[in-house]
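Chemist: Dropping in final-v1.cif, with mmCIF, C-alpha atoms.
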```
data_final
loop_
_atom_site.label_atom_id
_atom_site.label_comp_id
_atom_site.auth_asym_id
_atom_site.auth_seq_id
_atom_site.Cartn_x
_atom_site.Cartn_y
_atom_site.Cartn_z
CA MET F 1 -10.53 -0.89 5.12
CA ASP F 2 -6.98 -0.25 6.22
CA LEU F 3 -4.70 1.61 3.86
CA GLY F 4 -2.25 -1.15 4.48
CA HIS F 5 -4.21 -3.48 2.19
CA PRO F 6 -4.89 -1.58 -1.04
CA SER F 7 -6.15 -4.66 -2.87
CA GLU F 8 -8.06 -6.19 0.00
CA THR F 9 -11.08 -8.06 -1.37
CA LEU F 10 -14.38 -6.64 -0.18
CA HIS F 11 -16.58 -9.29 -1.71
CA GLY F 12 -16.42 -11.88 -4.43
CA ASN F 13 -13.99 -14.75 -4.62
CA GLY F 14 -11.69 -13.95 -7.51
CA ASP F 15 -12.64 -17.17 -9.30
CA HIS F 16 -11.06 -17.37 -12.74
CA ASP F 17 -14.09 -19.11 -14.19
CA GLY F 18 -16.32 -16.13 -13.49
CA VAL F 19 -18.15 -17.53 -10.46
CA GLY F 20 -18.72 -14.37 -8.46
CA VAL F 21 -17.46 -10.92 -9.38
CA PRO F 22 -14.35 -9.94 -7.41
CA SER F 23 -14.11 -6.32 -6.32
CA TRP F 24 -11.86 -4.42 -3.98
CA VAL F 25 -10.85 -0.92 -2.95
CA SER F 26 -7.52 0.36 -4.24
CA VAL F 27 -5.44 3.44 -3.50
CA CYS F 28 -3.93 5.96 -5.87
CA PRO F 29 -2.69 9.53 -5.54
CA ARG F 30 -6.23 10.80 -6.06
CA GLY F 31 -7.91 8.73 -3.38
CA LEU F 32 -9.79 5.48 -2.87
CA TRP F 33 -11.36 3.73 -5.84
CA LYS F 34 -13.59 0.69 -6.08
CA VAL F 35 -12.42 -1.74 -8.74
CA GLN F 36 -14.66 -4.44 -10.18
CA ILE F 37 -13.59 -7.11 -12.64
CA LYS F 38 -16.28 -7.35 -15.30
CA GLN F 39 -14.89 -10.23 -17.33
CA THR F 40 -11.73 -12.24 -17.82
CA HIS F 41 -10.81 -13.44 -21.30
CA LYS F 42 -8.73 -16.58 -21.12
CA GLY F 43 -5.59 -16.89 -23.16
CA SER F 44 -3.41 -19.84 -23.97
CA GLN F 45 -2.58 -22.12 -21.05
CA GLN F 46 0.99 -20.92 -20.75
CA THR F 47 2.66 -20.56 -17.41
CA VAL F 48 5.76 -18.63 -16.46
CA SER F 49 7.92 -17.49 -19.34
CA ASN F 50 10.89 -19.65 -18.39
CA SER F 51 8.93 -22.78 -17.65
CA GLY F 52 10.60 -25.74 -16.00
CA ASP F 53 9.77 -28.16 -13.23
CA ASP F 54 7.92 -25.40 -11.39
CA ALA F 55 5.45 -25.10 -14.26
CA SER F 56 3.61 -28.19 -13.07
CA CYS F 57 2.91 -26.50 -9.74
CA PRO F 58 -0.42 -24.59 -9.74
CA SER F 59 1.17 -21.69 -7.81
CA SER F 60 3.45 -21.00 -10.77
CA TYR F 61 0.44 -20.28 -13.00
CA TYR F 62 0.11 -16.79 -11.47
CA PRO F 63 2.61 -14.00 -10.78
CA ARG F 64 3.93 -13.74 -7.25
CA LEU F 65 5.97 -11.25 -5.22
CA GLY F 66 8.97 -10.16 -7.27
CA SER F 67 7.65 -11.42 -10.63
CA LEU F 68 8.52 -9.23 -13.62
CA CYS F 69 5.21 -8.88 -15.46
CA ARG F 70 4.76 -7.67 -19.02
CA VAL F 71 1.40 -5.84 -18.97
CA ARG F 72 -0.63 -3.45 -21.08
CA VAL F 73 -3.39 -1.20 -19.76
CA ARG F 74 -5.83 0.58 -22.03
CA LEU F 75 -8.92 2.66 -21.42
CA LYS F 76 -11.99 1.14 -23.05
CA ALA F 77 -12.65 4.30 -25.08
CA ASN F 78 -9.18 4.09 -26.65
CA LEU F 79 -9.64 0.36 -27.23
CA ASP F 80 -12.96 0.98 -29.02
CA GLU F 81 -11.26 3.46 -31.32
CA ALA F 82 -8.55 0.92 -32.15
CA GLU F 83 -11.12 -1.78 -32.86
CA SER F 84 -13.02 0.63 -35.12
CA LEU F 85 -9.90 1.26 -37.19
CA VAL F 86 -9.30 -2.47 -37.45
CA SER F 87 -12.86 -3.01 -38.64
CA GLU F 88 -12.48 -0.37 -41.33
CA ASN F 89 -9.34 -2.11 -42.57
CA GLY F 90 -11.19 -5.41 -42.82
CA ASN F 91 -8.91 -7.15 -40.36
CA GLY F 92 -10.54 -9.43 -37.83
CA GLU F 93 -7.89 -9.08 -35.13
CA LEU F 94 -5.89 -6.31 -33.59
CA SER F 95 -2.32 -6.34 -34.79
CA VAL F 96 0.30 -6.62 -32.09
CA GLN F 97 3.76 -5.37 -32.90
CA PRO F 98 6.67 -7.63 -32.02
CA ASP F 99 7.75 -6.88 -28.48
CA GLN F 100 10.60 -7.75 -26.20
CA SER F 101 9.89 -10.79 -24.07
CA VAL F 102 9.88 -10.35 -20.31
CA THR F 103 12.58 -13.02 -20.08
CA GLU F 104 14.92 -10.58 -21.81
CA VAL F 105 14.17 -7.84 -19.26
CA THR F 106 16.15 -7.76 -16.03
CA GLU F 107 14.33 -4.95 -14.22
CA ALA F 108 11.01 -3.16 -14.06
CA ALA F 109 10.29 -0.18 -16.26
CA ALA F 110 11.37 3.14 -14.76
CA PHE F 111 8.60 5.72 -15.12
CA PRO F 112 7.04 8.29 -12.78
CA ARG F 113 3.62 7.44 -11.43
CA CYS F 114 1.05 9.82 -12.87
CA GLN F 115 -0.55 11.57 -9.91
CA ASP F 116 -3.49 12.91 -11.93
CA SER F 117 -4.69 9.51 -13.09
CA VAL F 118 -6.20 6.47 -11.43
CA LEU F 119 -4.21 4.17 -13.70
CA GLN F 120 -0.65 5.25 -13.01
CA VAL F 121 1.07 3.27 -15.78
CA PRO F 122 1.65 4.48 -19.34
CA LEU F 123 -1.51 3.61 -21.26
CA GLY F 124 -1.54 1.66 -24.50
CA ASP F 125 2.03 0.33 -24.36
CA TRP F 126 3.51 -2.89 -23.01
CA THR F 127 5.17 -2.10 -19.68
CA THR F 128 7.24 -4.23 -17.29
CA LEU F 129 6.20 -4.09 -13.61
CA ARG F 130 7.71 -5.89 -10.63
CA LEU F 131 4.83 -7.32 -8.65
CA GLY F 132 4.80 -6.12 -5.06
CA GLU F 133 6.43 -2.72 -5.57
CA GLY F 134 3.12 -0.86 -5.71
CA GLN F 135 3.91 0.95 -8.94
CA CYS F 136 0.24 0.77 -9.89
CA ASP F 137 -2.06 -0.60 -7.20
CA ILE F 138 -4.97 -1.44 -9.50
CA THR F 139 -2.86 -3.10 -12.20
CA GLU F 140 -0.96 -5.22 -9.66
CA ALA F 141 -4.16 -6.40 -7.99
CA CYS F 142 -5.53 -7.48 -11.37
CA VAL F 143 -2.32 -9.23 -12.42
CA GLU F 144 -2.27 -11.27 -9.19
CA ARG F 145 -5.45 -12.97 -10.42
CA MET F 146 -4.33 -13.57 -14.03
CA ARG F 147 -2.42 -16.16 -16.02
CA ALA F 148 -0.09 -15.39 -18.90
CA GLY F 149 -2.05 -14.51 -22.02
CA GLU F 150 -5.20 -13.42 -20.17
CA LYS F 151 -7.00 -10.10 -20.38
CA CYS F 152 -9.56 -8.69 -17.95
CA GLU F 153 -12.01 -5.81 -18.14
CA ILE F 154 -12.45 -3.61 -15.08
CA LEU F 155 -14.77 -0.85 -13.90
CA ILE F 156 -13.29 1.84 -11.64
CA SER F 157 -15.38 4.26 -9.60
CA PRO F 158 -14.42 6.73 -6.83
CA VAL F 159 -15.09 6.00 -3.17
CA GLY F 160 -15.27 8.72 -0.50
CA ILE F 161 -13.45 8.13 2.77
CA GLY F 162 -16.16 9.89 4.75
CA PRO F 163 -19.82 10.97 4.47
CA HIS F 164 -18.84 14.31 2.93
CA ASP F 165 -15.79 13.23 0.97
CA SER F 166 -15.59 13.03 -2.79
CA VAL F 167 -12.77 12.32 -5.21
CA PRO F 168 -12.04 15.22 -7.60
CA HIS F 169 -11.71 14.32 -11.24
CA PRO F 170 -11.41 16.22 -14.53
CA ALA F 171 -14.73 17.34 -15.99
CA GLU F 172 -14.03 15.54 -19.25
CA GLU F 173 -13.41 12.22 -17.48
CA ASN F 174 -16.35 9.84 -17.72
CA LEU F 175 -17.01 7.80 -14.59
CA PRO F 176 -16.96 4.98 -13.93
CA LEU F 177 -13.83 4.30 -15.96
CA CYS F 178 -13.69 1.13 -18.02
CA ALA F 179 -10.29 -0.33 -18.85
CA THR F 180 -8.59 -3.54 -19.93
CA VAL F 181 -5.52 -5.11 -18.34
CA GLU F 182 -3.53 -7.67 -20.34
CA LEU F 183 -0.80 -9.94 -18.98
CA LYS F 184 1.54 -11.11 -21.71
CA ASP F 185 3.99 -13.17 -19.64
CA PHE F 186 5.93 -13.06 -16.39
CA THR F 187 8.96 -14.45 -14.57
CA PRO F 188 8.67 -16.61 -11.45
CA GLY F 189 8.09 -14.97 -8.09
CA LYS F 190 7.56 -16.19 -4.55
CA GLU F 191 4.88 -16.27 -1.92
CA SER F 192 6.01 -14.50 1.25
CA TRP F 193 6.20 -17.81 3.12
CA GLU F 194 8.61 -19.14 0.46
CA MET F 195 11.12 -16.36 1.07
CA PHE F 196 14.11 -16.45 3.34
CA GLY F 197 14.14 -13.80 6.02
CA ASP F 198 16.88 -11.76 4.39
CA GLU F 199 14.79 -11.46 1.21
CA LYS F 200 11.82 -10.15 3.19
CA TRP F 201 14.09 -7.75 5.07
CA GLN F 202 15.29 -6.25 1.76
CA TRP F 203 11.69 -5.81 0.64
CA VAL F 204 10.86 -4.07 3.95
CA LYS F 205 13.72 -1.61 3.57
CA SER F 206 12.85 -1.01 -0.08
CA HIS F 207 9.20 -0.22 0.75
CA LYS F 208 10.25 2.13 3.57
CA GLU F 209 12.63 4.01 1.27
CA ARG F 210 10.02 4.19 -1.50
CA GLY F 211 7.47 5.53 0.98
CA GLY F 212 9.79 8.39 1.89
CA VAL F 213 10.37 9.26 -1.76
CA ARG F 214 6.65 9.26 -2.49
CA PHE F 215 5.80 11.39 0.53
CA ARG F 216 8.43 14.00 -0.31
CA SER F 217 7.05 14.20 -3.85
CA GLY F 218 3.55 14.90 -2.49
CA GLU F 219 2.14 11.44 -3.20
CA VAL F 220 0.68 10.78 0.24
CA TRP F 221 -1.56 7.88 -0.83
CA GLY F 222 1.36 6.05 -2.40
CA ALA F 223 3.54 6.68 0.65
CA ALA F 224 0.91 5.21 2.97
CA ASP F 225 0.67 2.17 0.72
CA SER F 226 4.46 1.66 0.79
CA TYR F 227 4.68 1.92 4.59
CA SER F 228 1.77 -0.50 4.97
CA ARG F 229 3.38 -3.03 2.64
CA ALA F 230 6.58 -2.82 4.69
CA LEU F 231 4.71 -3.40 7.95
CA LYS F 232 2.85 -6.38 6.51
CA LEU F 233 6.13 -8.11 5.62
CA LEU F 234 7.91 -7.00 8.79
CA ILE F 235 5.40 -8.85 10.95
CA THR F 236 6.43 -12.14 9.32
CA LEU F 237 10.04 -11.56 10.48
CA TYR F 238 9.23 -11.47 14.19
CA GLY F 239 10.21 -15.10 14.70
CA TYR F 240 13.74 -14.38 13.52
CA VAL F 241 14.06 -11.52 15.99
CA ARG F 242 13.08 -13.74 18.90
CA GLU F 243 15.79 -16.18 17.86
CA GLY F 244 18.26 -13.30 17.96
CA GLU F 245 17.24 -12.50 21.54
CA LYS F 246 18.40 -15.89 22.83
CA SER F 247 21.50 -16.28 24.96
CA GLY F 248 24.84 -16.13 23.21
CA GLN F 249 25.33 -19.91 23.10
CA GLU F 250 21.78 -20.60 21.89
CA ALA F 251 22.04 -17.90 19.22
CA GLU F 252 25.33 -19.37 17.99
CA GLU F 253 23.77 -22.82 17.75
CA GLN F 254 20.84 -21.32 15.83
CA ARG F 255 23.22 -19.69 13.33
CA ASP F 256 24.95 -23.02 12.78
CA THR F 257 21.63 -24.64 11.82
CA ASN F 258 20.53 -21.77 9.54
CA THR F 259 23.39 -21.52 7.07
CA ASP F 260 20.98 -20.79 4.20
CA ASP F 261 19.31 -17.86 5.98
CA GLU F 262 21.43 -15.27 7.74
CA THR F 263 18.50 -13.15 8.92
CA VAL F 264 19.30 -13.82 12.58
CA GLN F 265 22.59 -12.05 11.93
CA LEU F 266 21.00 -9.22 9.92
CA ILE F 267 18.22 -8.09 12.29
CA SER F 268 18.72 -7.26 15.94
CA ALA F 269 15.77 -6.91 18.29
CA ASN F 270 16.42 -3.18 18.67
CA GLU F 271 16.67 -2.64 14.92
CA PHE F 272 13.43 -4.54 14.37
CA LYS F 273 11.58 -2.50 17.00
CA THR F 274 12.99 0.81 15.76
CA ILE F 275 12.07 0.31 12.10
CA LYS F 276 8.59 -0.93 13.05
CA ALA F 277 8.03 2.17 15.20
CA GLU F 278 9.26 4.43 12.37
CA LEU F 279 6.90 2.78 9.89
CA HIS F 280 3.89 3.22 12.21
CA SER F 281 4.89 6.84 12.86
CA ASN F 282 5.32 7.59 9.15
CA LEU F 283 2.01 5.92 8.38
CA SER F 284 0.38 8.06 11.06
CA LEU F 285 1.67 11.21 9.36
CA CYS F 286 0.22 10.07 6.04
CA GLN F 287 -3.14 9.34 7.67
CA LEU F 288 -3.17 12.82 9.24
CA LYS F 289 -2.55 14.35 5.80
CA LEU F 290 -5.39 12.22 4.42
CA ASN F 291 -7.78 13.41 7.14
CA GLN F 292 -8.02 10.01 8.83
CA PRO F 293 -7.49 10.93 12.51
CA GLU F 294 -8.77 7.64 13.96
CA ARG F 295 -6.26 5.63 11.96
CA ALA F 296 -3.54 8.20 12.60
CA LYS F 297 -4.09 7.91 16.34
CA ALA F 298 -3.98 4.10 16.21
CA SER F 299 -0.73 4.13 14.21
CA ALA F 300 0.89 6.73 16.47
CA THR F 301 -0.14 4.75 19.55
CA LYS F 302 1.64 1.66 18.20
CA ALA F 303 4.72 3.75 17.46
CA THR F 304 4.88 5.20 21.00
CA GLN F 305 4.41 1.76 22.53
CA LEU F 306 7.37 0.46 20.54
CA GLU F 307 9.56 3.54 21.04
CA PRO F 308 8.38 5.66 24.01
CA GLY F 309 11.17 8.11 23.24
CA GLY F 310 9.94 8.81 19.71
CA ALA F 311 9.10 12.53 19.73
CA LYS F 312 7.52 12.58 16.27
CA ALA F 313 5.05 9.83 17.18
CA TRP F 314 3.91 11.70 20.31
CA TYR F 315 3.40 14.86 18.28
CA ARG F 316 1.34 13.00 15.68
CA MET F 317 -0.73 11.37 18.40
CA GLY F 318 -1.44 14.80 19.85
CA GLN F 319 -2.45 16.10 16.43
CA ALA F 320 -4.79 13.16 15.85
CA CYS F 321 -6.43 13.61 19.26
CA GLN F 322 -6.92 17.31 18.54
CA MET F 323 -8.67 16.47 15.27
CA LEU F 324 -10.88 14.02 17.18
CA ASN F 325 -11.59 16.69 19.82
CA GLU F 326 -10.06 14.44 22.49
CA LEU F 327 -8.38 17.36 24.21
CA GLU F 328 -7.23 15.67 27.41
CA GLU F 329 -5.46 12.88 25.49
CA ALA F 330 -3.96 15.50 23.19
CA ARG F 331 -2.65 17.44 26.19
CA GLN F 332 -1.02 14.30 27.61
CA ALA F 333 0.68 13.57 24.28
CA PHE F 334 2.08 17.09 23.94
CA ARG F 335 3.25 17.09 27.55
CA LYS F 336 5.11 13.86 26.86
CA LEU F 337 6.68 15.53 23.86
CA LEU F 338 7.83 18.39 26.10
CA GLU F 339 9.47 15.89 28.42
CA LEU F 340 11.48 14.62 25.46
CA GLN F 341 12.04 18.04 23.88
CA PRO F 342 11.61 20.82 26.49
CA ASP F 343 12.18 23.54 23.87
CA SER F 344 9.59 22.21 21.40
CA SER F 345 7.74 25.29 20.12
CA ALA F 346 5.21 23.04 18.36
CA ALA F 347 4.24 21.35 21.64
CA LEU F 348 3.99 24.67 23.50
CA LYS F 349 1.80 26.17 20.77
CA ALA F 350 -0.42 23.06 20.70
CA LEU F 351 -0.93 23.21 24.49
CA LYS F 352 -1.94 26.87 24.22
CA ASP F 353 -4.42 26.01 21.47
CA ILE F 354 -5.89 23.24 23.62
CA ALA F 355 -6.29 25.60 26.60
CA SER F 356 -7.98 28.15 24.34
CA ARG F 357 -10.37 25.56 22.93
CA GLU F 358 -11.25 24.30 26.40
CA LYS F 359 -11.90 27.85 27.60
CA GLU F 360 -14.18 28.46 24.62
CA ARG F 361 -15.97 25.14 25.13
CA ASN F 362 -16.54 25.84 28.83
CA ALA F 363 -17.91 29.29 28.02
CA GLN F 364 -20.38 27.82 25.53
CA LEU F 365 -21.42 25.16 28.04
CA GLY F 366 -21.97 27.83 30.72
CA LEU F 367 -24.09 29.85 28.32
CA ARG F 368 -26.28 26.87 27.49
CA LEU F 369 -26.76 26.04 31.18
CA SER F 370 -27.70 29.61 32.00
CA LYS F 371 -30.36 29.56 29.28
CA MET F 372 -31.75 26.28 30.63
CA PHE F 373 -32.28 27.69 34.13
CA SER F 374 -33.22 31.25 33.26
#
```
What would the structure in this file look like if it were written as structure tokens?

Modeler:
Amino acid sequence: MDLGHPSETLHGNGDHDGVGVPSWVSVCPRGLWKVQIKQTHKGSQQTVSNSGDDASCPSSYYPRLGSLCRVRVRLKANLDEAESLVSENGNGELSVQPDQSVTEVTEAAAFPRCQDSVLQVPLGDWTTLRLGEGQCDITEACVERMRAGEKCEILISPVGIGPHDSVPHPAEENLPLCATVELKDFTPGKESWEMFGDEKWQWVKSHKERGGVRFRSGEVWGAADSYSRALKLLITLYGYVREGEKSGQEAEEQRDTNTDDETVQLISANEFKTIKAELHSNLSLCQLKLNQPERAKASATKATQLEPGGAKAWYRMGQACQMLNELEEARQAFRKLLELQPDSSAALKALKDIASREKERNAQLGLRLSKMFS
């Protein structure tokens, strides 16, 4: 699974009538986690909170990119305690305090993602999320499958990224975790194909900026997710860039016929290529930090193909090849870096390390051969 698709379905079909059990792998600051929907409790057949003509369209039954979603996430243990108190009081239903409707909210809730928890939203309270921002990967993936008024139960268990990897967790934390996700209501959103190019471009820039903030705060998993989301949307803008590469007269004619979408004026071919290379390079750095050298090498390779003069991408490729013990490819990458930055101490040190490792490897090989023929 690529980090670029945190809610990619591994098996199951996501059917709302319970045919098949959807599950996927999600990312959070503490690693990869398998999420399985146990059960979905249907609510009233309401649609978006400001229903209109779009309400008759099946696509409006579910939140889409940009939807403001009013959600509540609770751990099952806490929910059981609440139900126990209700039972003691002789009340058959949980009481829900009056709450602000999502139609009265103009922006998502501002809260720091909890890096010590799988579920990064405040637990037990109604919270407003903007779908697509990656504020909580697991919650968003659940909400994408839900209608207003529905509640689903999920099981969450850690997944290692390698044969010897494990996800650390507090000793008092019982695994797998069981939680409920409720969707109260939501505002309309859009599928990516319904967006104008300039809307997608703003999302791309927002994800790139958010990735930088997350990385600087030490949240490498979240940063990788943000960069991957940006790349996924950026690919859909390639057609606009090709239009911008036409001759001056053809480009002017194209602008005249696209008065509702000014993307051809917003994105130049060079800008498109540069930001795509930066995203691949940044993703490569995240993958190196997460001990994923194969993916880091692939991302760095894409970055160097887009921007051969990108020194950071060549350095990250060299690092990935070193981790994979591909010393000759690592040497070539660091030599390329020296061509771009002749005074790079990092490249010089890396080349010395490679020479030392090769000398040691050759000595070990010679020793083994001598034992074979002695």

Chemist: List the residues sitting within 12 Å of (12.1, 2.8, 11.6) in the file's frame, using all atoms listed in the file, as number ranges by chain.

Modeler: F: 204-205, 207-209, 211-212, 227, 230-231, 234, 270-283, 303, 306-307, 310, 312-313

Chemist: What is the distance, in Å and to one decimal place, between atom CA of Asn325 of chain F and atom CA of Val25 of chain F?

Modeler: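 It comes out at 28.8 Å.
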
Chemist: Report the distance between atom CA of Ala224 of chain F and atom CA of Ala296 of chain F in Å, rounded to one decimal place.

Modeler: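 A separation of 11.0 Å between them.
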
Chemist: Select, from F:Asp198, F:Asp185, F:Glu144, F:Asp137, the residue with the minimum atom-to-atom distance to Arg229 of chain F, counting all atoms listed in the file.

Modeler: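 For Arg229 of chain F, the nearest of the candidates is F:Asp137.
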
Chemist: What does the PyMOL selection byres ((chain F and resi 297) around 12) select in this file, as a PyMOL selection string?

Modeler: chain F and resi 280-288+291-296+298-304+313-324+326+329-330+333

Chemist: Pick out the residues sitting within 9 Å of Trp126 of chain F, and hand them over as a list of chain:residue names; count only C-alpha atoms, and ignore anything fewer than 6 positions along from it in its own chain.

Modeler: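 Answer for this query is F:Arg70, F:Val71, F:Arg72, F:Val73, F:Asp99, F:Glu182, F:Lys184.
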
Chemist: Which residue, F:Ser67, F:Gln305, F:Ser117, F:Thr180, has the smallest gap to Lys38 of chain F when you use all atoms listed in the file?

Modeler: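 Ranking F:Ser67, F:Gln305, F:Ser117, F:Thr180 by distance to Lys38 of chain F, first place goes to F:Thr180.
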
Chemist: Restricting the calculation to only C-alpha atoms: of F:Val118, F:Cys142, F:Ala223, F:Leu348, which residue gets closest to Gln36 of chain F?

Modeler: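 Checking each of F:Val118, F:Cys142, F:Ala223, F:Leu348 against Gln36 of chain F, counting only C-alpha atoms, the winner is F:Cys142.
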
Chemist: Hey, which of F:Leu65, F:Arg361, F:Thr139, F:Phe186 ends up closest to Glu199 of chain F? Count only C-alpha atoms.

Modeler: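 The answer is F:Leu65, which sits nearest to Glu199 of chain F.
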
Chemist: Do a neighbour search on Gln135 of chain F at 9 Å with only C-alpha atoms, toss out local chain neighbours closer than 2 positions, and write the hits as a ChimeraX atom specification.

Modeler: /F:112-113,120-121,129-133,137,139-140,222
